[in-house]
Amino acid sequence: MVALENKNTNLENQNANLENKNTNLENKNAELTTKLNWFEEHFRLNQHRLYGSSSEKTARSEQMTLFNEAEALSDVKPQPPEPTIEDISYTRKKKQKGHKEEMLKELPCETIEYKLSEDERVCNTCGEALHEMSKEITKELKIIPPQVSVVEHVRYVYSCRNCEKTGIKTNVVTASMPKRALPGSIASADTIAYTMVQKYMYGIPLNRQEQSWKQLDVDISRQTMANWLISASNRWLTIVYDRMRQKLLEYDIICADETTVQVLNEPGRAAETTSYMWLYRTGRDGPPMALLEYQTTRARKHAKRFLGDFKGYLCTDAYQSYDGLDGVINIFCNAHARRKFDEALKSLPKEAADKNCVAKEGLKFFEELYKIEKVLHNVSPEERYEKRLEKSKPILDKFYEWLKYQRPRVTPKSTIGQAINYCINHMDNLAGYLKDGRLYIDNNNSERSMKSFAVLRKNFLFCNTQNGATASAVIFSIIETAKENNLKPFEYLKYLLEALPNIDTNSLDEIDRLLPWSEHIPEGCKLNKK
């Protein structure tokens, strides 16, 4: 009897051990499955980033109204069968009448006339003279490639003959000429502006510009061009940049962003160490300004130093270096939050992404919010503020409740889990744009300006020195601000480099006359309004 009890006890112990082992294996399997799902999600997302479309637009079929989904689905009508190949036709978009004439009317025109000679103006039938009945006019665009010429400045020197003869002190007078941007250099304002625009607007690195100069029979090294850019920036363009910074800080709404840049020769740092370009720009108020600043790190002290005594709204992508600034109210970018749901959708397998899922439900909230913003695009800030409270706030409240409902139902470390946690943790800042009708729902204007720099960075890859990085920030800022104020960057930079050496740069009034939005900017610097 005792033996049977001992055997039963051993079996119970073995059973308990097996159950514990099974539980441990199930937990380990669940953990490994979670890790596998995480890796698969990130693999699909990285594949999409490498080879897929970068657009974050939602397909039309998915843009269903959030709060009438059932009604919309019930009203769907049967779709007609797809057309066969023979039924598909292509209709060319009809050209607008007068478009060519409108486009060409402001351009310089060279007229070449083709006439019959006197001997040819004879009728083949009766032999009488032909008269001019009408004209046939054909217009074509003509491109004049870059040409290099030398401008020789000759200053005449005058003296008094009588003083020379009588031995009295001779009065010598030299004819004046405008001061040059870089005295002692062969570079004119045109040449410096052209080099700047080629690099910082069209992304042509200095080594390729060096080859272009050789094709024009001029031997200009990239080091010489780099010296032009840095010297012109430090001497003259920084004056305009600093004044624009002062103007920017007068507003109570500023947008900010940052991106990486590599600088090879920084004291005490390895060549591969990452540095940063910080971007600050205006919101809806006042003329558009986009200012870049080079810094070695992404630390809070740089934003604090640039912003100084700024008080107001700061629109960012939730980067923590902007937190805790005195008198600053942080407004976070909803496009940044939306992108996380878009990435969560892209990380799903195709069969799961085609069905209704949590990521799609999250995106629908943002679609409704952006739909409201589109309607309110051209209204006054006061009306926009009232309408947002009436229409957008209820959607944000329902979004927050939906987030709290979904949070315990998703894996925290999955892409959708991270998207939900991000929105819950930053909900007050994401809804901050409701506080003022002048605020944007997102920080896309900053991202567009920063994207222009990122595209250029792919071409010139790195800056050689800190001076070069600082000069790059100043030049790019002036070009980007000129573009946003509908100016031609080449003409505007040329104008600045000709004007600044010949004005009192200590006079703020004179500098203000040169700012991109000034009414004193010459017409030749402005883009055609059409």
# chains A, B, ... in the order shown; residues from 1 in each chain; ligands from 1
>>> residues_around(residues="Arg284 in chain A", least_positions_apart="5", cutoff="8 Å", atoms="only C-alpha atoms", output="list in words")
Arg438, Leu439 and Tyr440 of chain A
>>> write_last_selection(atoms="N, CA and C atoms", output="PDB file, in the first residue's frame")
ATOM      1  N   ARG A 438      -3.804  80.481 -35.464  1.00  0.00           N
ATOM      2  CA  ARG A 438      -2.660  80.720 -36.360  1.00  0.00           C
ATOM      3  C   ARG A 438      -1.743  79.512 -36.456  1.00  0.00           C
ATOM      4  N   LEU A 439      -1.930  78.541 -35.569  1.00  0.00           N
ATOM      5  CA  LEU A 439      -1.058  77.368 -35.552  1.00  0.00           C
ATOM      6  C   LEU A 439      -1.431  76.382 -36.649  1.00  0.00           C
ATOM      7  N   TYR A 440      -0.423  75.682 -37.148  1.00  0.00           N
ATOM      8  CA  TYR A 440      -0.641  74.599 -38.105  1.00  0.00           C
ATOM      9  C   TYR A 440      -0.918  73.306 -37.348  1.00  0.00           C
TER      10      TYR A 440
END
>>> residues_around(residues="range 272-281 of chain A", least_positions_apart="4", cutoff="7 Å", atoms="only C-alpha atoms", output="number ranges by chain")
A: 254-264, 289-298, 446
>>> closest_residue(among="A:Lys199, A:Lys340, A:Lys304, A:Lys214", to="Leu456 in chain A", atoms="only C-alpha atoms")
A:Lys199
>>> atom_distance(atom1="CA of His336 in chain A", atom2="CA of Lys371 in chain A")
16.8 Å
>>> select_by_dssp(residues="range 187-268 of chain A", states="helix (DSSP H, G or I)", output="MDAnalysis selection string")
chainID A and resid 189:200 206:215 222:248
>>> closest_residue(among="A:Asp512, A:Asp285, A:Asp309, A:Asp119", to="Leu249 in chain A", atoms="only C-alpha atoms")
A:Asp309
>>> closest_residue(among="A:Tyr114, A:Tyr251, A:Tyr385, A:Tyr202", to="Phe490 in chain A", atoms="only C-alpha atoms")
A:Tyr202
>>> atom_distance(atom1="CA of Glu367 in chain A", atom2="CA of Ile441 in chain A")
12.1 Å
>>> residues_around(residues="Leu325 in chain A", least_positions_apart="3", cutoff="12 Å", atoms="only C-alpha atoms", output="PyMOL selection string")
chain A and resi 300-314+320-322+328-330
>>> closest_residue(among="A:Gly268, A:Gln209, A:Ile475, A:Ile239", to="Gln223 in chain A", atoms="only C-alpha atoms")
A:Gln209
>>> atom_distance(atom1="CA of Gln147 in chain A", atom2="CA of Met196 in chain A")
17.0 Å
>>> closest_residue(among="A:Trp228, A:Tyr422, A:Trp517, A:Tyr400", to="Arg339 in chain A", atoms="only C-alpha atoms")
A:Tyr422
>>> residues_around(residues="Thr111 in chain A", least_positions_apart="2", cutoff="12 Å", atoms="only C-alpha atoms", output="JSON, numbers by chain")
{"A": [108, 109, 113, 114, 137, 138, 139, 140, 142]}
>>> residues_around(residues="range 179-186 of chain A", least_positions_apart="6", cutoff="8 Å", atoms="only C-alpha atoms", output="MDAnalysis selection string")
chainID A and resid 228 231:232 236 497:498 500:502
>>> write_last_selection(atoms="C-alpha atoms", output="PDB file, in the first residue's frame")
ATOM      1  CA  TRP A 228      34.729  82.621 -52.110  1.00  0.00           C
ATOM      2  CA  SER A 231      34.448  84.778 -47.244  1.00  0.00           C
ATOM      3  CA  ALA A 232      31.304  86.204 -48.843  1.00  0.00           C
ATOM      4  CA  TRP A 236      28.256  90.043 -45.954  1.00  0.00           C
ATOM      5  CA  LEU A 497      26.742  91.116 -52.747  1.00  0.00           C
ATOM      6  CA  GLU A 498      26.694  94.331 -54.784  1.00  0.00           C
ATOM      7  CA  LEU A 500      26.069  95.305 -48.874  1.00  0.00           C
ATOM      8  CA  PRO A 501      29.688  96.557 -49.433  1.00  0.00           C
ATOM      9  CA  ASN A 502      28.283  99.988 -50.325  1.00  0.00           C
TER      10      ASN A 502
END
>>> residues_around(residues="Asn234 in chain A", least_positions_apart="5", cutoff="9 Å", atoms="only C-alpha atoms", output="ChimeraX atom specification")
/A:229,239,467,470-471,474
